[in-house]
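Scroll down for the structure; my scribbles are underneath it.
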Amino acid sequence: KARLAARPLKMERVQQFLGATLVAYLIYPLFVPLQPRSLDDVKAWGLKGSGKDLPIPCMGVYVFAGLNPPMTIDMSYAYGYDKAAGSFWLDFTPHSVTVAAEATGSAFEGEVARGKFAATAPSPKYLPGWYVIKQFALLRYRVQFTFDRAGKVATIRSCIAGCWSPLSWAYNAALGETLEKRGNGVWVRHNYVSLANRTAAGRLASYELLPLLLPDGKVQQSGLKYAKAKLAAVNGTLKGAVLA
């Protein structure tokens with residue numbers, strides 16, 4: 001009888017352990033520490049991802065122009081590369097994306113920043129950058145880029161809380177997203193009403209990715225100048241994940 005009574009108790013403890021482990025997995029991104037980074041030292045922290053040698057068309061570190069408070073995105077954290085399909089994945093985490101940590105999106109709409117750094121795509125207005133990037137990580141936000149054969153246009157599939165989730169289905173059903181190559185190493189991310197209506201009339205919003213650190217390790221001075229001015233306009237501190 002004692003053994004039989006112990007079995008439900010043991011099972012309950014196992015369930016409690018599994019439940020606690022699941023909760024910890026779900027919320028741990030909120031507790032990942034961030035550390036300051038210097039734009040002048042971009043070579044020290046940029047292009048350090050495990051996918052830095054993948055032959056993807058948009059390899060490099062870029063500055064967001066028109067999306068706030070995110071500052072930079074590092075494509076070297078790409079993974080799941082499929083040569084035949086021309087596709088790869090990128091997670092939006094503090095490793096791949098840096099932010100103006102204390103600044104909100106609305107700060108970039110102020111008198112100092114207005115015009116040059118104002119958002120051209122939907123941006124969180126009232127949340128500080130450190131919170132925004134942790135929410136991206138918490139929601140396991142990741143995107144799949146699938147390029148055409150010329151490597152100039154990619155369609156984008158976004159996943160939120162899992163690619164199988166209703167959020168992902170609703171998001172991809174409501175928007176058609178692309179990444180398109182422009183001159184001088186610039187890429188543009190467009191949001192359309194649908195991928196079937198990729199026209200000027202069907203375009204909802206856009207923002208640019210300006211090159212900052214090139215695949216060969218050279219710093220693009222025009223991108224560095226823009227990034228430093230954008231950060232200075234809100235008196236911000238650049239932060240990303242703690243690097244090993």
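Labeling convention for the structure tokens: chains A, B, ... as they appear, residues from 1 per chain, ligands from 1 in order of appearance.
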_Considering only strand (DSSP E or B) as DSSP defines it on the backbone, what residues of segment 11-187 of chain A qualify? List them as a ChimeraX atom specification._
/A:34-36,61-65,70-74,79-82,87-91,97-100,104,128,142-147,153-159,176-181,187
Based on the selection just made, write C-alpha atoms of those residues as a tab-separated table (two decimals), in the first residue's frame.
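Done, and the output landed in selection.tsv:
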```
chain	number	residue	atom	x	y	z
A	34	LEU	CA	22.36	42.66	-22.56
A	35	GLN	CA	25.66	44.47	-22.79
A	36	PRO	CA	26.67	47.78	-24.37
A	61	VAL	CA	25.80	43.61	-40.69
A	62	TYR	CA	23.23	46.26	-41.58
A	63	VAL	CA	21.72	49.37	-39.99
A	64	PHE	CA	17.93	49.67	-39.87
A	65	ALA	CA	16.70	52.84	-41.57
A	70	PRO	CA	16.18	48.32	-33.49
A	71	MET	CA	19.60	49.49	-34.69
A	72	THR	CA	21.49	46.71	-36.48
A	73	ILE	CA	20.96	43.20	-37.81
A	74	ASP	CA	23.72	40.61	-38.26
A	79	TYR	CA	21.11	28.96	-40.30
A	80	GLY	CA	19.22	26.18	-42.06
A	81	TYR	CA	20.66	27.14	-45.45
A	82	ASP	CA	19.14	25.24	-48.36
A	87	SER	CA	16.57	29.78	-48.48
A	88	PHE	CA	17.79	30.26	-44.92
A	89	TRP	CA	16.44	31.15	-41.49
A	90	LEU	CA	17.26	33.99	-39.09
A	91	ASP	CA	16.06	34.36	-35.50
A	97	VAL	CA	19.74	42.35	-33.53
A	98	THR	CA	21.01	45.29	-31.48
A	99	VAL	CA	18.79	48.09	-30.20
A	100	ALA	CA	18.89	51.60	-28.82
A	104	THR	CA	11.33	54.09	-27.55
A	128	PRO	CA	12.11	50.72	-24.98
A	142	ARG	CA	12.15	34.09	-36.84
A	143	VAL	CA	11.98	34.53	-40.57
A	144	GLN	CA	12.75	32.41	-43.59
A	145	PHE	CA	14.23	34.17	-46.61
A	146	THR	CA	13.81	32.44	-49.96
A	147	PHE	CA	15.77	34.11	-52.78
A	153	VAL	CA	14.64	39.36	-54.30
A	154	ALA	CA	13.61	37.16	-51.38
A	155	THR	CA	10.14	36.33	-50.18
A	156	ILE	CA	9.80	36.23	-46.41
A	157	ARG	CA	7.92	33.81	-44.20
A	158	SER	CA	7.56	34.95	-40.59
A	159	CYS	CA	7.09	32.63	-37.64
A	176	GLY	CA	3.27	39.64	-48.10
A	177	GLU	CA	6.89	40.49	-47.27
A	178	THR	CA	9.99	40.70	-49.44
A	179	LEU	CA	13.63	41.70	-49.18
A	180	GLU	CA	14.80	43.40	-52.35
A	181	LYS	CA	18.27	44.50	-53.41
A	187	TRP	CA	18.43	46.07	-49.11
```
If you run DSSP on this backbone, which residues of segment 1-236 of chain A come out as helix (DSSP H, G or I), and could you give them as number ranges by chain?
A: 2-31, 39-45, 75-77, 105-109, 129-138, 166-174, 183-185, 195-197, 221-233
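Coordinates place atom CA of Asp148 of chain A at a distance of 10.8 Å from atom CA of Ala84 of chain A.
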Looking at A:Val188, A:Ala103, A:Leu30, A:Met59, which one is nearest to Thr237 of chain A, with distances taken over only C-alpha atoms?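 Nearest candidate to Thr237 of chain A out of A:Val188, A:Ala103, A:Leu30, A:Met59: A:Ala103.
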From atom CA of Pro215 of chain A to atom CA of Lys52 of chain A the spacing works out at 8.1 Å
A straight line from atom CA of Val219 of chain A to atom CA of Leu39 of chain A spans 10.2 Å
Residues near Ser168 of chain A, cut-off 10 Å, only C-alpha atoms, skip fewer than 5 positions along chain, as a PDB file with N, CA, C and O atoms, in the first residue's frame:
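To be explicit, this is the file written out as result_26.pdb:
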```
ATOM      1  N   TYR A 141      10.459  34.837 -32.541  1.00  0.00           N
ATOM      2  CA  TYR A 141      10.229  35.413 -33.873  1.00  0.00           C
ATOM      3  C   TYR A 141      11.412  35.081 -34.780  1.00  0.00           C
ATOM      4  O   TYR A 141      12.563  35.406 -34.480  1.00  0.00           O
ATOM      5  N   ARG A 157       8.919  34.511 -45.015  1.00  0.00           N
ATOM      6  CA  ARG A 157       7.922  33.806 -44.198  1.00  0.00           C
ATOM      7  C   ARG A 157       8.251  34.074 -42.736  1.00  0.00           C
ATOM      8  O   ARG A 157       9.372  33.801 -42.293  1.00  0.00           O
ATOM      9  N   SER A 158       7.332  34.624 -41.997  1.00  0.00           N
ATOM     10  CA  SER A 158       7.561  34.947 -40.591  1.00  0.00           C
ATOM     11  C   SER A 158       6.905  33.915 -39.689  1.00  0.00           C
ATOM     12  O   SER A 158       5.792  33.464 -39.956  1.00  0.00           O
ATOM     13  N   CYS A 159       7.617  33.565 -38.623  1.00  0.00           N
ATOM     14  CA  CYS A 159       7.085  32.631 -37.638  1.00  0.00           C
ATOM     15  C   CYS A 159       7.073  33.289 -36.264  1.00  0.00           C
ATOM     16  O   CYS A 159       8.088  33.851 -35.837  1.00  0.00           O
ATOM     17  N   ILE A 160       5.938  33.226 -35.595  1.00  0.00           N
ATOM     18  CA  ILE A 160       5.766  33.819 -34.273  1.00  0.00           C
ATOM     19  C   ILE A 160       5.226  32.740 -33.343  1.00  0.00           C
ATOM     20  O   ILE A 160       4.168  32.166 -33.598  1.00  0.00           O
ATOM     21  N   ALA A 161       5.967  32.454 -32.285  1.00  0.00           N
ATOM     22  CA  ALA A 161       5.579  31.407 -31.335  1.00  0.00           C
ATOM     23  C   ALA A 161       5.404  30.062 -32.038  1.00  0.00           C
ATOM     24  O   ALA A 161       4.477  29.304 -31.753  1.00  0.00           O
ATOM     25  N   GLY A 162       6.301  29.794 -32.985  1.00  0.00           N
ATOM     26  CA  GLY A 162       6.241  28.541 -33.733  1.00  0.00           C
ATOM     27  C   GLY A 162       5.581  28.732 -35.087  1.00  0.00           C
ATOM     28  O   GLY A 162       4.579  29.445 -35.206  1.00  0.00           O
ATOM     29  N   CYS A 163       6.132  28.099 -36.099  1.00  0.00           N
ATOM     30  CA  CYS A 163       5.588  28.266 -37.453  1.00  0.00           C
ATOM     31  C   CYS A 163       4.198  27.657 -37.595  1.00  0.00           C
ATOM     32  O   CYS A 163       3.469  27.980 -38.533  1.00  0.00           O
ATOM     33  N   ALA A 173      -0.858  35.435 -43.571  1.00  0.00           N
ATOM     34  CA  ALA A 173      -2.045  35.600 -44.410  1.00  0.00           C
ATOM     35  C   ALA A 173      -2.368  37.075 -44.623  1.00  0.00           C
ATOM     36  O   ALA A 173      -2.928  37.457 -45.663  1.00  0.00           O
ATOM     37  N   ALA A 174      -2.006  37.912 -43.647  1.00  0.00           N
ATOM     38  CA  ALA A 174      -2.349  39.332 -43.722  1.00  0.00           C
ATOM     39  C   ALA A 174      -1.321  40.155 -44.481  1.00  0.00           C
ATOM     40  O   ALA A 174      -1.643  41.247 -44.977  1.00  0.00           O
TER      41      ALA A 174
END
```
Among A:His190, A:Asp40, A:Ser165, A:Val32, Lys225 of chain A is approached most closely, using only C-alpha atoms, by A:Asp40
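The residue that comes closest to Ser38 of chain A, out of A:Leu224, A:Val234, A:Thr93, A:Gly110 and on the basis of only C-alpha atoms, is A:Leu224.
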